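For reference, work15.cif (mmCIF, C-alpha atoms):
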```cif
data_protein
loop_
_atom_site.group_PDB
_atom_site.id
_atom_site.type_symbol
_atom_site.label_atom_id
_atom_site.label_comp_id
_atom_site.auth_asym_id
_atom_site.auth_seq_id
_atom_site.Cartn_x
_atom_site.Cartn_y
_atom_site.Cartn_z
ATOM 1 C CA SER B 1 -10.525 6.333 26.784
ATOM 2 C CA THR B 2 -7.118 4.628 26.701
ATOM 3 C CA GLN B 3 -7.087 4.862 22.902
ATOM 4 C CA ASN B 4 -7.829 8.605 23.090
ATOM 5 C CA GLN B 5 -4.930 8.987 25.529
ATOM 6 C CA ARG B 6 -2.508 7.042 23.314
ATOM 7 C CA ALA B 7 -3.253 8.870 20.066
ATOM 8 C CA PRO B 8 -1.741 12.272 21.072
ATOM 9 C CA ASN B 9 1.348 10.493 22.445
ATOM 10 C CA GLN B 10 1.820 8.598 19.167
ATOM 11 C CA ASP B 11 1.449 11.785 17.125
ATOM 12 C CA GLN B 12 3.916 13.577 19.396
ATOM 13 C CA SER B 13 6.497 10.780 19.158
ATOM 14 C CA ARG B 14 6.091 10.680 15.345
ATOM 15 C CA SER B 15 6.631 14.447 15.036
ATOM 16 C CA THR B 16 9.669 14.251 17.357
ATOM 17 C CA PHE B 17 11.061 11.377 15.266
ATOM 18 C CA ILE B 18 10.679 13.397 12.051
ATOM 19 C CA ASP B 19 12.199 16.523 13.670
ATOM 20 C CA ARG B 20 15.333 14.531 14.527
ATOM 21 C CA TRP B 21 15.539 13.142 10.998
ATOM 22 C CA ARG B 22 18.792 13.771 9.129
ATOM 23 C CA PRO B 23 18.198 12.785 5.474
ATOM 24 C CA LYS B 24 20.894 10.781 3.677
ATOM 25 C CA THR B 25 19.474 10.807 0.135
ATOM 26 C CA VAL B 26 18.695 13.533 -2.397
ATOM 27 C CA LEU B 27 14.973 12.737 -2.214
ATOM 28 C CA GLY B 28 15.053 12.958 1.587
ATOM 29 C CA ARG B 29 16.655 16.403 1.486
ATOM 30 C CA LEU B 30 14.089 17.635 -1.039
ATOM 31 C CA VAL B 31 11.247 16.429 1.193
ATOM 32 C CA GLN B 32 12.730 17.948 4.343
ATOM 33 C CA ASN B 33 13.299 21.308 2.615
ATOM 34 C CA GLY B 34 9.684 21.382 1.456
ATOM 35 C CA LYS B 35 10.430 21.226 -2.277
ATOM 36 C CA ILE B 36 8.496 17.935 -2.530
ATOM 37 C CA LYS B 37 5.235 18.059 -0.592
ATOM 38 C CA THR B 38 3.179 15.082 -1.843
ATOM 39 C CA MET B 39 3.751 11.441 -2.740
ATOM 40 C CA ALA B 40 2.516 12.214 -6.270
ATOM 41 C CA GLN B 41 5.579 14.442 -6.760
ATOM 42 C CA VAL B 42 7.790 11.625 -5.455
ATOM 43 C CA PHE B 43 6.372 9.164 -7.994
ATOM 44 C CA GLU B 44 6.684 11.730 -10.811
ATOM 45 C CA SER B 45 10.352 12.303 -9.936
ATOM 46 C CA ASN B 46 10.993 8.566 -10.556
ATOM 47 C CA MET B 47 13.299 8.449 -7.526
ATOM 48 C CA ARG B 48 13.310 5.411 -5.289
ATOM 49 C CA VAL B 49 12.206 5.883 -1.673
ATOM 50 C CA LYS B 50 15.014 4.598 0.558
ATOM 51 C CA GLU B 51 14.162 6.390 3.811
ATOM 52 C CA LEU B 52 11.187 5.539 5.995
ATOM 53 C CA GLU B 53 10.820 9.142 7.196
ATOM 54 C CA ILE B 54 9.862 10.305 3.698
ATOM 55 C CA VAL B 55 6.680 8.227 3.765
ATOM 56 C CA GLN B 56 5.952 9.075 7.408
ATOM 57 C CA LYS B 57 6.146 12.804 6.670
ATOM 58 C CA LEU B 58 4.150 12.814 3.422
ATOM 59 C CA ILE B 59 1.515 10.218 4.443
ATOM 60 C CA PRO B 60 1.196 10.373 8.251
ATOM 61 C CA GLU B 61 -2.219 8.638 8.297
ATOM 62 C CA LEU B 62 -1.027 5.242 7.006
ATOM 63 C CA GLU B 63 -2.787 2.187 8.427
ATOM 64 C CA GLU B 64 -1.263 -1.280 8.553
ATOM 65 C CA ILE B 65 -2.652 -4.804 8.804
ATOM 66 C CA LEU B 66 -0.837 -8.048 9.546
ATOM 67 C CA VAL B 67 -1.803 -10.372 6.692
ATOM 68 C CA SER B 68 -0.002 -13.522 7.820
ATOM 69 C CA MET B 69 2.436 -14.739 10.436
ATOM 70 C CA LYS B 70 4.039 -18.155 10.177
ATOM 71 C CA SER B 71 7.030 -20.118 11.407
ATOM 72 C CA VAL B 72 9.657 -21.066 8.822
ATOM 73 C CA GLN B 73 12.680 -23.381 9.045
ATOM 74 C CA ARG B 74 15.962 -23.565 7.195
ATOM 75 C CA MET B 75 18.787 -26.066 7.366
ATOM 76 C CA THR B 76 22.318 -24.917 8.140
ATOM 77 C CA GLY B 77 25.565 -26.719 8.818
ATOM 78 C CA SER B 78 24.839 -26.680 12.555
ATOM 79 C CA GLY B 79 21.261 -27.947 12.179
ATOM 80 C CA GLN B 80 17.747 -26.608 11.731
ATOM 81 C CA ARG B 81 17.010 -22.962 12.552
ATOM 82 C CA ASN B 82 13.524 -21.610 13.172
ATOM 83 C CA SER B 83 12.353 -18.083 12.444
ATOM 84 C CA HIS B 84 9.115 -16.136 12.035
ATOM 85 C CA LYS B 85 7.925 -14.627 8.754
ATOM 86 C CA ALA B 86 5.472 -11.716 8.731
ATOM 87 C CA VAL B 87 3.560 -10.167 5.819
ATOM 88 C CA VAL B 88 2.234 -6.618 6.364
ATOM 89 C CA VAL B 89 0.139 -4.388 4.091
ATOM 90 C CA VAL B 90 -0.113 -0.613 4.601
ATOM 91 C CA GLY B 91 -2.479 1.916 3.022
ATOM 92 C CA ASP B 92 -4.104 5.291 3.579
ATOM 93 C CA ARG B 93 -7.585 4.462 2.153
ATOM 94 C CA ASN B 94 -6.923 7.124 -0.484
ATOM 95 C CA GLY B 95 -5.052 5.551 -3.373
ATOM 96 C CA HIS B 96 -1.803 4.358 -1.758
ATOM 97 C CA ILE B 97 -0.894 0.751 -0.919
ATOM 98 C CA GLY B 98 2.281 -1.154 -0.047
ATOM 99 C CA ILE B 99 3.243 -4.710 0.936
ATOM 100 C CA GLY B 100 6.276 -6.018 2.794
ATOM 101 C CA HIS B 101 7.507 -9.338 4.166
ATOM 102 C CA LYS B 102 10.403 -10.177 6.445
ATOM 103 C CA SER B 103 11.765 -13.045 8.538
ATOM 104 C CA ALA B 104 13.352 -12.717 11.985
ATOM 105 C CA LYS B 105 14.087 -14.839 15.031
ATOM 106 C CA GLU B 106 11.426 -13.010 17.074
ATOM 107 C CA ALA B 107 7.874 -12.307 15.895
ATOM 108 C CA PRO B 108 7.764 -8.585 16.914
ATOM 109 C CA ASP B 109 11.026 -7.921 15.043
ATOM 110 C CA ALA B 110 9.619 -9.596 11.921
ATOM 111 C CA ILE B 111 6.429 -7.497 12.083
ATOM 112 C CA ARG B 112 8.342 -4.215 12.504
ATOM 113 C CA ALA B 113 10.713 -5.052 9.637
ATOM 114 C CA ALA B 114 7.823 -6.077 7.371
ATOM 115 C CA ALA B 115 5.949 -2.854 8.165
ATOM 116 C CA ARG B 116 9.055 -0.827 7.330
ATOM 117 C CA MET B 117 9.471 -2.682 4.032
ATOM 118 C CA ALA B 118 5.787 -2.135 3.200
ATOM 119 C CA ARG B 119 6.121 1.633 3.720
ATOM 120 C CA LEU B 120 9.201 1.768 1.492
ATOM 121 C CA ASN B 121 7.273 -0.184 -1.182
ATOM 122 C CA ILE B 122 4.328 2.252 -1.170
ATOM 123 C CA ARG B 123 2.792 2.753 -4.629
ATOM 124 C CA PRO B 124 -0.100 4.774 -6.105
ATOM 125 C CA ILE B 125 -3.452 3.258 -7.113
ATOM 126 C CA ARG B 126 -5.572 5.198 -9.621
ATOM 127 C CA LEU B 127 -9.301 4.957 -8.932
ATOM 128 C CA GLY B 128 -12.102 5.369 -11.446
ATOM 129 C CA TYR B 129 -15.860 5.314 -12.034
ATOM 130 C CA TYR B 130 -18.461 2.834 -13.211
ATOM 131 C CA GLY B 131 -21.317 4.254 -15.264
ATOM 132 C CA LYS B 132 -21.826 7.976 -14.684
ATOM 133 C CA ALA B 133 -18.757 9.859 -13.526
ATOM 134 C CA PHE B 134 -19.950 11.883 -10.532
ATOM 135 C CA GLY B 135 -18.739 12.248 -6.978
ATOM 136 C CA GLU B 136 -15.467 10.738 -5.803
ATOM 137 C CA PRO B 137 -13.785 7.844 -7.686
ATOM 138 C CA HIS B 138 -14.969 4.624 -6.074
ATOM 139 C CA THR B 139 -13.798 1.581 -8.058
ATOM 140 C CA VAL B 140 -10.940 0.243 -10.173
ATOM 141 C CA ARG B 141 -10.527 1.785 -13.617
ATOM 142 C CA VAL B 142 -10.479 -1.330 -15.784
ATOM 143 C CA LYS B 143 -10.509 -5.108 -15.505
ATOM 144 C CA SER B 144 -7.150 -6.454 -14.432
ATOM 145 C CA SER B 145 -5.540 -9.603 -13.075
ATOM 146 C CA GLY B 146 -2.498 -10.527 -11.018
ATOM 147 C CA LYS B 147 -0.666 -13.747 -10.261
ATOM 148 C CA SER B 148 1.637 -14.932 -7.492
ATOM 149 C CA GLY B 149 2.494 -18.581 -7.032
ATOM 150 C CA SER B 150 -0.608 -20.622 -7.810
ATOM 151 C CA VAL B 151 -2.984 -17.768 -6.919
ATOM 152 C CA LYS B 152 -4.539 -15.740 -9.719
ATOM 153 C CA ILE B 153 -6.950 -12.887 -8.908
ATOM 154 C CA ARG B 154 -9.058 -10.860 -11.312
ATOM 155 C CA ILE B 155 -10.698 -7.580 -10.304
ATOM 156 C CA LEU B 156 -13.559 -5.896 -12.132
ATOM 157 C CA PRO B 157 -15.203 -2.455 -11.756
ATOM 158 C CA ALA B 158 -18.590 -2.304 -10.017
ATOM 159 C CA ALA B 159 -21.408 0.234 -9.689
ATOM 160 C CA LYS B 160 -21.770 2.509 -6.679
ATOM 161 C CA GLY B 161 -23.359 0.773 -3.723
ATOM 162 C CA THR B 162 -22.186 -2.694 -4.783
ATOM 163 C CA GLY B 163 -19.527 -2.936 -2.102
ATOM 164 C CA ILE B 164 -16.410 -5.085 -2.232
ATOM 165 C CA LYS B 165 -17.213 -8.643 -3.284
ATOM 166 C CA ALA B 166 -14.104 -10.468 -2.096
ATOM 167 C CA GLY B 167 -12.713 -12.689 0.634
ATOM 168 C CA PRO B 168 -11.797 -11.330 4.076
ATOM 169 C CA ILE B 169 -8.087 -10.647 3.354
ATOM 170 C CA ALA B 170 -8.708 -9.236 -0.134
ATOM 171 C CA LYS B 171 -11.485 -7.015 1.209
ATOM 172 C CA LYS B 172 -9.207 -5.472 3.849
ATOM 173 C CA ILE B 173 -6.488 -4.769 1.278
ATOM 174 C CA LEU B 174 -8.928 -3.199 -1.185
ATOM 175 C CA GLU B 175 -10.341 -1.004 1.586
ATOM 176 C CA LEU B 176 -6.821 0.156 2.486
ATOM 177 C CA ALA B 177 -6.296 1.103 -1.175
ATOM 178 C CA GLY B 178 -9.418 3.302 -1.074
ATOM 179 C CA ILE B 179 -11.667 1.116 -3.248
ATOM 180 C CA LYS B 180 -15.331 1.035 -2.234
ATOM 181 C CA ASP B 181 -16.932 -1.078 -5.001
ATOM 182 C CA CYS B 182 -15.512 -3.949 -7.078
ATOM 183 C CA TYR B 183 -15.892 -7.605 -7.968
ATOM 184 C CA THR B 184 -13.112 -10.175 -7.596
ATOM 185 C CA LYS B 185 -12.545 -13.683 -8.908
ATOM 186 C CA SER B 186 -9.748 -15.921 -7.624
ATOM 187 C CA LYS B 187 -8.191 -19.271 -8.558
ATOM 188 C CA GLY B 188 -5.539 -21.423 -6.920
ATOM 189 C CA GLN B 189 -4.460 -21.978 -3.328
ATOM 190 C CA THR B 190 -5.981 -18.783 -1.946
ATOM 191 C CA CYS B 191 -5.490 -19.938 1.648
ATOM 192 C CA THR B 192 -1.842 -18.891 1.135
ATOM 193 C CA LYS B 193 -2.411 -15.326 2.303
ATOM 194 C CA GLU B 194 0.965 -13.990 1.162
ATOM 195 C CA ASN B 195 0.440 -15.026 -2.469
ATOM 196 C CA THR B 196 -3.158 -13.805 -2.383
ATOM 197 C CA SER B 197 -2.044 -10.366 -1.189
ATOM 198 C CA LYS B 198 0.754 -10.120 -3.772
ATOM 199 C CA ALA B 199 -1.543 -11.194 -6.619
ATOM 200 C CA LEU B 200 -4.192 -8.669 -5.580
ATOM 201 C CA ILE B 201 -1.733 -5.765 -5.399
ATOM 202 C CA GLU B 202 -0.328 -6.763 -8.795
ATOM 203 C CA ALA B 203 -3.868 -6.635 -10.195
ATOM 204 C CA LEU B 204 -4.393 -3.178 -8.651
ATOM 205 C CA GLU B 205 -1.163 -1.978 -10.255
ATOM 206 C CA GLY B 206 -2.318 -3.331 -13.610
ATOM 207 C CA SER B 207 -5.590 -1.424 -13.413
ATOM 208 C CA SER B 208 -3.702 1.746 -12.450
ATOM 209 C CA ASN B 209 -1.375 1.569 -15.467
ATOM 210 C CA TYR B 210 -4.279 2.379 -17.789
ATOM 211 C CA LEU B 211 -4.218 6.132 -18.473
ATOM 212 C CA LEU B 212 -7.467 7.918 -19.313
ATOM 213 C CA GLU B 213 -7.902 11.251 -21.088
ATOM 214 C CA GLU B 214 -8.026 13.235 -17.864
ATOM 215 C CA ASP B 215 -4.476 11.991 -17.115
ATOM 216 C CA TRP B 216 -3.055 13.643 -20.235
ATOM 217 C CA ASN B 217 -3.057 17.129 -18.624
ATOM 218 C CA ILE B 218 -5.817 18.130 -21.050
ATOM 219 C CA LYS B 219 -9.050 19.659 -19.792
ATOM 220 C CA THR B 220 -11.685 17.023 -20.607
ATOM 221 C CA THR B 221 -14.673 15.455 -18.926
ATOM 222 C CA PRO B 222 -14.037 12.234 -16.923
ATOM 223 C CA THR B 223 -14.058 9.097 -19.077
ATOM 224 C CA ILE B 224 -16.801 6.544 -18.396
ATOM 225 C CA VAL B 225 -15.539 2.967 -18.629
#
```

Can you present the structure in this file as C-alpha cells?
Amino acid sequence: STQNQRAPNQDQSRSTFIDRWRPKTVLGRLVQNGKIKTMAQVFESNMRVKELEIVQKLIPELEEILVSMKSVQRMTGSGQRNSHKAVVVVGDRNGHIGIGHKSAKEAPDAIRAAARMARLNIRPIRLGYYGKAFGEPHTVRVKSSGKSGSVKIRILPAAKGTGIKAGPIAKKILELAGIKDCYTKSKGQTCTKENTSKALIEALEGSSNYLLEEDWNIKTTPTIV
C-alpha cells in the first residue's frame, strides 16, 4: 500500500521538475518545444545529451539498479582520503541501456551522481530474432563480444523460451536492455562487477551496430539470422 501511495507522488514531482525545466542546449530546446519526441530522433540527430531532463521527458519509465558500491582510497599531500564509488545501470526494458560510475565522500551522493551519469550515457540496443521472425524481437541480433579490464564477455542469440543464460549481474542488465533470450560466455575476473557490466554493455553495442535489411528504410521481410 505504501508503494501505491508513493508512486503518484513520484510522478507528480517528476512532472513538476520537468515543468520548471529551462533548457540550456539546442537539443533541450527542441525537446521542450516538441520537435523531438523520441530518443530515436535524438540518436539520429547525432547530438550529445547534456541535460538530464531530456532523458526524463522522453523515457519516463527508466529503471535503475546499483551494480556495485565500494570504498576507494587515494593519497594526497595531507594523507589518505576515503571515498565511495558507485556503479549504476539504467534501462527501460525496451532497447535502451546506460551505465554510469562516480565517486563521492558520501555513499548517497555517489549513487545519485552515478545514476545521473548513466541517464546521460543512455544508448539504443537493437533487438532481433532467432529462427523464424514472428512476434516481438526477443534476442540479440548477432554474436558479439566486449572487454573491460580482464573481463571478456561473449553474447549469442538464443531461441524463444530459452531465457537468459548468464550470471546474476549480467542477467539483470540484459533484462533492463529488453533481451529475453540469449547465451553468454565470460572469461577473466568476473567478480569485478564494474568491468563485467562495462564489457557486457560493450558487447550489446557491438551486436547493435550490425544493420539488417529492414534498417535500410526499404520494405522487406525481417531477416532471419

Margin query: For the PyMOL selection byres ((chain B and resi 128-142) around 8), applied here, can you spell out every residue it catches as a ChimeraX atom specification?
Written below: /B:126-127,143-144,155-160,178-182,204,207-208,210,222-225

Item checked: Distance query Ser186 of chain B at most 8 Å, only C-alpha atoms, self and fewer than 4 positions along chain excluded, as a list of chain:residue names ->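 Once the adjacent positions are removed, what remains is B:Val151, B:Lys152, B:Ile153, B:Arg154, B:Thr190.
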
Notebook entry, point to check: Which one of B:Glu51, B:Glu175, B:Glu106, B:Glu63 sits closest to Arg29 of chain B if you count all atoms listed in the file?
Noted result: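 Counting all atoms listed in the file, the residue closest to Arg29 of chain B is B:Glu51.
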
Item checked: Point-to-point distance in Å for atom CA of Glu44 of chain B and atom CA of Gly95 of chain B -> 15.2 Å

Next item on the list: Report as a ChimeraX atom specification the residues that result from applying the PyMOL selection byres ((chain B and resi 168) around 12) to the structure here.
Entry: /B:67,164-167,169-175,184,190-191,193,196-197

Next item on the list: Give as a ChimeraX atom specification the residues that the PyMOL selection byres ((chain B and resi 110) around 10) matches when applied to the coordinates above.
Entry: /B:69,83-88,101-109,111-116

Preceding selection exported with C-alpha atoms as a PDB file, in the frame of the given file:
```
ATOM      1  CA  MET B  69       2.436 -14.739  10.436  1.00  0.00           C
ATOM      2  CA  SER B  83      12.353 -18.083  12.444  1.00  0.00           C
ATOM      3  CA  HIS B  84       9.115 -16.136  12.035  1.00  0.00           C
ATOM      4  CA  LYS B  85       7.925 -14.627   8.754  1.00  0.00           C
ATOM      5  CA  ALA B  86       5.472 -11.716   8.731  1.00  0.00           C
ATOM      6  CA  VAL B  87       3.560 -10.167   5.819  1.00  0.00           C
ATOM      7  CA  VAL B  88       2.234  -6.618   6.364  1.00  0.00           C
ATOM      8  CA  HIS B 101       7.507  -9.338   4.166  1.00  0.00           C
ATOM      9  CA  LYS B 102      10.403 -10.177   6.445  1.00  0.00           C
ATOM     10  CA  SER B 103      11.765 -13.045   8.538  1.00  0.00           C
ATOM     11  CA  ALA B 104      13.352 -12.717  11.985  1.00  0.00           C
ATOM     12  CA  LYS B 105      14.087 -14.839  15.031  1.00  0.00           C
ATOM     13  CA  GLU B 106      11.426 -13.010  17.074  1.00  0.00           C
ATOM     14  CA  ALA B 107       7.874 -12.307  15.895  1.00  0.00           C
ATOM     15  CA  PRO B 108       7.764  -8.585  16.914  1.00  0.00           C
ATOM     16  CA  ASP B 109      11.026  -7.921  15.043  1.00  0.00           C
ATOM     17  CA  ILE B 111       6.429  -7.497  12.083  1.00  0.00           C
ATOM     18  CA  ARG B 112       8.342  -4.215  12.504  1.00  0.00           C
ATOM     19  CA  ALA B 113      10.713  -5.052   9.637  1.00  0.00           C
ATOM     20  CA  ALA B 114       7.823  -6.077   7.371  1.00  0.00           C
ATOM     21  CA  ALA B 115       5.949  -2.854   8.165  1.00  0.00           C
ATOM     22  CA  ARG B 116       9.055  -0.827   7.330  1.00  0.00           C
TER      23      ARG B 116
END
```

Next item on the list: Around the point (-1.1, -2.9, -10.0) in the file's coordinates, collect all residues with an atom within 9 Å, using only C-alpha atoms, and return them as number ranges by chain.
Entry: B: 123-125, 144-146, 199-209

Next item on the list: Using atom CA of Thr192 of chain B and atom CA of Leu52 of chain B as the two end points, give the distance in Å to one decimal.
Entry: 28.1 Å

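Here atom CA of Gln80 of chain B and atom CA of Gln189 of chain B stand 27.2 Å from one another.
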
Note to self: Which residue is closest to Asp19 of chain B? Choose from B:Leu211, B:Lys185, B:Gln73, B:Glu53 and count all atoms listed in the file.
What the structure shows: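 Comparing B:Leu211, B:Lys185, B:Gln73, B:Glu53 against Asp19 of chain B, the winner is B:Glu53.
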
Notebook entry, point to check: Of the candidates B:Arg81, B:Lys57, B:Lys50, B:Lys187, which shows the shortest atom-to-atom distance to Gln32 of chain B, using all atoms listed in the file?
Noted result: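 Looking only at the distances to Gln32 of chain B, the closest residue turns out to be B:Lys57.
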
Notebook entry, point to check: Which residue out of B:Gln56, B:His96, B:Met47, B:Met39 has the minimum interatomic distance to Ile18 of chain B when all atoms listed in the file are used?
Noted result: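 Selected residue with least distance to Ile18 of chain B: B:Gln56.
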
Next item on the list: May I ask which of the residues B:Trp216, B:Tyr183, B:Ala118, B:Ser45 is the closest one to Thr162 of chain B, counting all atoms listed in the file?
Entry: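 So, comparing all the options, the nearest one is B:Tyr183.
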
Check: Given the choices B:Phe43, B:Asp92, B:Ser78, B:Arg48, which gets closest to Glu64 of chain B if the distance is worked out from all atoms listed in the file?
Finding: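 Closest to Glu64 of chain B of all the choices is B:Asp92.
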
Reconstruct all heavy atoms of segment 130-140 of chain B; output as a PDB file, in the frame of the given file.
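Result saved to result.pdb:
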```pdb
ATOM      1  N   TYR B 130     -17.684   3.825 -12.465  1.00  0.00           N
ATOM      2  CA  TYR B 130     -18.461   2.834 -13.211  1.00  0.00           C
ATOM      3  C   TYR B 130     -19.791   3.496 -13.567  1.00  0.00           C
ATOM      4  O   TYR B 130     -20.517   3.940 -12.685  1.00  0.00           O
ATOM      5  CB  TYR B 130     -18.709   1.580 -12.371  1.00  0.00           C
ATOM      6  CG  TYR B 130     -19.477   0.497 -13.085  1.00  0.00           C
ATOM      7  CD1 TYR B 130     -18.812  -0.514 -13.759  1.00  0.00           C
ATOM      8  CD2 TYR B 130     -20.868   0.482 -13.081  1.00  0.00           C
ATOM      9  CE1 TYR B 130     -19.506  -1.515 -14.406  1.00  0.00           C
ATOM     10  CE2 TYR B 130     -21.572  -0.507 -13.736  1.00  0.00           C
ATOM     11  CZ  TYR B 130     -20.886  -1.504 -14.396  1.00  0.00           C
ATOM     12  OH  TYR B 130     -21.579  -2.497 -15.043  1.00  0.00           O
ATOM     13  N   GLY B 131     -20.096   3.559 -14.870  1.00  0.00           N
ATOM     14  CA  GLY B 131     -21.317   4.254 -15.264  1.00  0.00           C
ATOM     15  C   GLY B 131     -21.085   5.750 -15.302  1.00  0.00           C
ATOM     16  O   GLY B 131     -20.111   6.223 -15.875  1.00  0.00           O
ATOM     17  N   LYS B 132     -21.953   6.521 -14.674  1.00  0.00           N
ATOM     18  CA  LYS B 132     -21.826   7.976 -14.684  1.00  0.00           C
ATOM     19  C   LYS B 132     -20.698   8.416 -13.770  1.00  0.00           C
ATOM     20  O   LYS B 132     -20.573   7.952 -12.655  1.00  0.00           O
ATOM     21  CB  LYS B 132     -23.144   8.625 -14.248  1.00  0.00           C
ATOM     22  CG  LYS B 132     -24.285   8.427 -15.243  1.00  0.00           C
ATOM     23  CD  LYS B 132     -25.525   9.186 -14.804  1.00  0.00           C
ATOM     24  CE  LYS B 132     -26.643   9.027 -15.837  1.00  0.00           C
ATOM     25  NZ  LYS B 132     -27.866   9.767 -15.453  1.00  0.00           N
ATOM     26  N   ALA B 133     -19.902   9.358 -14.279  1.00  0.00           N
ATOM     27  CA  ALA B 133     -18.757   9.859 -13.526  1.00  0.00           C
ATOM     28  C   ALA B 133     -19.190  11.053 -12.683  1.00  0.00           C
ATOM     29  O   ALA B 133     -19.165  12.192 -13.146  1.00  0.00           O
ATOM     30  CB  ALA B 133     -17.630  10.244 -14.473  1.00  0.00           C
ATOM     31  N   PHE B 134     -19.605  10.802 -11.455  1.00  0.00           N
ATOM     32  CA  PHE B 134     -19.950  11.883 -10.532  1.00  0.00           C
ATOM     33  C   PHE B 134     -19.474  11.499  -9.143  1.00  0.00           C
ATOM     34  O   PHE B 134     -19.347  10.320  -8.814  1.00  0.00           O
ATOM     35  CB  PHE B 134     -21.463  12.151 -10.538  1.00  0.00           C
ATOM     36  CG  PHE B 134     -22.292  11.014 -10.017  1.00  0.00           C
ATOM     37  CD1 PHE B 134     -22.635  10.941  -8.676  1.00  0.00           C
ATOM     38  CD2 PHE B 134     -22.716   9.997 -10.860  1.00  0.00           C
ATOM     39  CE1 PHE B 134     -23.387   9.884  -8.188  1.00  0.00           C
ATOM     40  CE2 PHE B 134     -23.471   8.937 -10.384  1.00  0.00           C
ATOM     41  CZ  PHE B 134     -23.809   8.888  -9.043  1.00  0.00           C
ATOM     42  N   GLY B 135     -19.240  12.505  -8.327  1.00  0.00           N
ATOM     43  CA  GLY B 135     -18.739  12.248  -6.978  1.00  0.00           C
ATOM     44  C   GLY B 135     -17.274  11.843  -6.997  1.00  0.00           C
ATOM     45  O   GLY B 135     -16.538  12.101  -7.944  1.00  0.00           O
ATOM     46  N   GLU B 136     -16.852  11.175  -5.931  1.00  0.00           N
ATOM     47  CA  GLU B 136     -15.467  10.738  -5.803  1.00  0.00           C
ATOM     48  C   GLU B 136     -15.267   9.402  -6.529  1.00  0.00           C
ATOM     49  O   GLU B 136     -16.184   8.588  -6.586  1.00  0.00           O
ATOM     50  CB  GLU B 136     -15.098  10.586  -4.327  1.00  0.00           C
ATOM     51  CG  GLU B 136     -15.114  11.878  -3.533  1.00  0.00           C
ATOM     52  CD  GLU B 136     -14.035  12.847  -3.993  1.00  0.00           C
ATOM     53  OE1 GLU B 136     -12.944  12.365  -4.408  1.00  0.00           O
ATOM     54  OE2 GLU B 136     -14.259  14.063  -3.951  1.00  0.00           O
ATOM     55  N   PRO B 137     -14.072   9.159  -7.091  1.00  0.00           N
ATOM     56  CA  PRO B 137     -13.785   7.844  -7.686  1.00  0.00           C
ATOM     57  C   PRO B 137     -13.974   6.741  -6.655  1.00  0.00           C
ATOM     58  O   PRO B 137     -13.571   6.896  -5.495  1.00  0.00           O
ATOM     59  CB  PRO B 137     -12.323   7.961  -8.126  1.00  0.00           C
ATOM     60  CG  PRO B 137     -12.075   9.420  -8.250  1.00  0.00           C
ATOM     61  CD  PRO B 137     -12.939  10.088  -7.224  1.00  0.00           C
ATOM     62  N   HIS B 138     -14.561   5.627  -7.062  1.00  0.00           N
ATOM     63  CA  HIS B 138     -14.969   4.624  -6.074  1.00  0.00           C
ATOM     64  C   HIS B 138     -14.572   3.203  -6.430  1.00  0.00           C
ATOM     65  O   HIS B 138     -14.694   2.300  -5.603  1.00  0.00           O
ATOM     66  CB  HIS B 138     -16.499   4.674  -5.892  1.00  0.00           C
ATOM     67  CG  HIS B 138     -17.252   4.358  -7.152  1.00  0.00           C
ATOM     68  ND1 HIS B 138     -17.743   3.113  -7.425  1.00  0.00           N
ATOM     69  CD2 HIS B 138     -17.569   5.130  -8.218  1.00  0.00           C
ATOM     70  CE1 HIS B 138     -18.352   3.120  -8.599  1.00  0.00           C
ATOM     71  NE2 HIS B 138     -18.254   4.352  -9.104  1.00  0.00           N
ATOM     72  N   THR B 139     -14.101   2.953  -7.653  1.00  0.00           N
ATOM     73  CA  THR B 139     -13.798   1.581  -8.058  1.00  0.00           C
ATOM     74  C   THR B 139     -12.523   1.555  -8.892  1.00  0.00           C
ATOM     75  O   THR B 139     -11.902   2.592  -9.126  1.00  0.00           O
ATOM     76  CB  THR B 139     -14.978   0.997  -8.866  1.00  0.00           C
ATOM     77  OG1 THR B 139     -14.720  -0.387  -9.140  1.00  0.00           O
ATOM     78  CG2 THR B 139     -15.182   1.736 -10.174  1.00  0.00           C
ATOM     79  N   VAL B 140     -12.121   0.350  -9.319  1.00  0.00           N
ATOM     80  CA  VAL B 140     -10.940   0.243 -10.173  1.00  0.00           C
ATOM     81  C   VAL B 140     -11.276   0.754 -11.572  1.00  0.00           C
ATOM     82  O   VAL B 140     -12.439   0.764 -11.971  1.00  0.00           O
ATOM     83  CB  VAL B 140     -10.445  -1.220 -10.246  1.00  0.00           C
ATOM     84  CG1 VAL B 140      -9.900  -1.654  -8.904  1.00  0.00           C
ATOM     85  CG2 VAL B 140     -11.545  -2.162 -10.702  1.00  0.00           C
TER      86      VAL B 140
END
```
